[in-house]
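A short write-up of the structure that comes next.
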Amino acid sequence: MNWMIDICNNHILLNSFVAWAAAQLIKTIIYAVMNRTLDIRRLLGAGGMPSSHTATVVAMAVTAGLEYGLDSAIFAVTAVLVLVVTHDAMNVRMEAGKHAMLLNQLMETIQGLDFTEERLKELLGHTPLQVFFGAVLGAVIAFAMHG
């Protein structure tokens with residue numbers, strides 16, 4: 001049982017998880033309001049407002065900076081990870097989502113062919129605004145839980 005206490009005392013891990021969970025919950029609520037339907041799969045899904053990937057890594061980096069200092073190796077590693085994740089979310093995964101949308105449209109327009117494949121997931125990446133609000137959420141949670 002000591003390992004459970006150790007995990008609960010790991011502020012970087014705890015704050016990262018809380019930021020991820022908060023972003024997923026907010027994204028599910030926003031999706032439900034905008035689409036007038038509750039899709040429980042949004043609780044674990046990628047894409048949407050705010051970026052849970054960004055919230056997670058920003059909470060991790062801010063917590064590392066607060067606990068170990070901005071000159072620490074752990075903060076440096078987490079800060080670089082923030083750059084990699086946000087770049088991936090706004091660029092690579094966003095483009096993959098656009099490709100999936102076009103492929104889905106192409107599959108729908110081809111007449112006479114029997115496609116048994118399921119639709120590709122289109123909601124993969126994030127807009128800069130979604131990443132920005134994910135970053136704000138992650139930072140707010142890290143500062144709020146710092147103590």
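Ordered as shown in the structure tokens, chains take letters A, B, and onward, while each chain numbers its residues from 1 and ligands are numbered from 1 in the order shown.
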
Worksheet item: Quick one: residues within 7 Å of A:Lys27, only C-alpha atoms counted, chain neighbours fewer than 5 positions away excluded, as a VMD selection string?
Response: chain A and resid 48 to 50

Same residues, C-alpha atoms, output as a compact mmCIF listing (two decimals), in the first residue's frame:
```
# COMPACT_ATOMS: atom_id res chain seq x y z
CA GLY A 48 -12.21 18.97 -29.16
CA MET A 49 -12.21 21.92 -26.77
CA PRO A 50 -10.04 22.14 -24.70
```

Fill in: In chain A, DSSP alpha helix (DSSP H) residues written as a PyMOL selection string
chain A and resi 2-8+11-35+52-68+73-87+93-109+128-145

Worksheet item: Which value, in Å to one decimal, gives the distance between atom CA of A:His126 and atom CA of A:Met90?
Response: 5.0 Å

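Interatomic distance, atom CA of A:Met145 to atom CA of A:Ala55: 14.0 Å.
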
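When only C-alpha atoms are used to measure the gap to A:His146, the shortest distance among A:Ile7, A:Met34, A:Met1, A:Leu66 belongs to A:Leu66.
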
Worksheet item: Between A:Val58, A:Leu102, A:Ile29, A:Cys8, which one has atoms that come closest to A:Val77, using only C-alpha atoms?
Response: A:Val58

Response to the item:
Counting only C-alpha atoms, the residue among A:Leu70, A:Leu44, A:Ile5, A:Ala139 that lies closest to A:Ile26 is A:Leu44

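Across A:Met60, A:Leu38, A:Ala79, A:Leu103, the tightest approach to A:Ile141 is made by A:Met60 when counting only C-alpha atoms.
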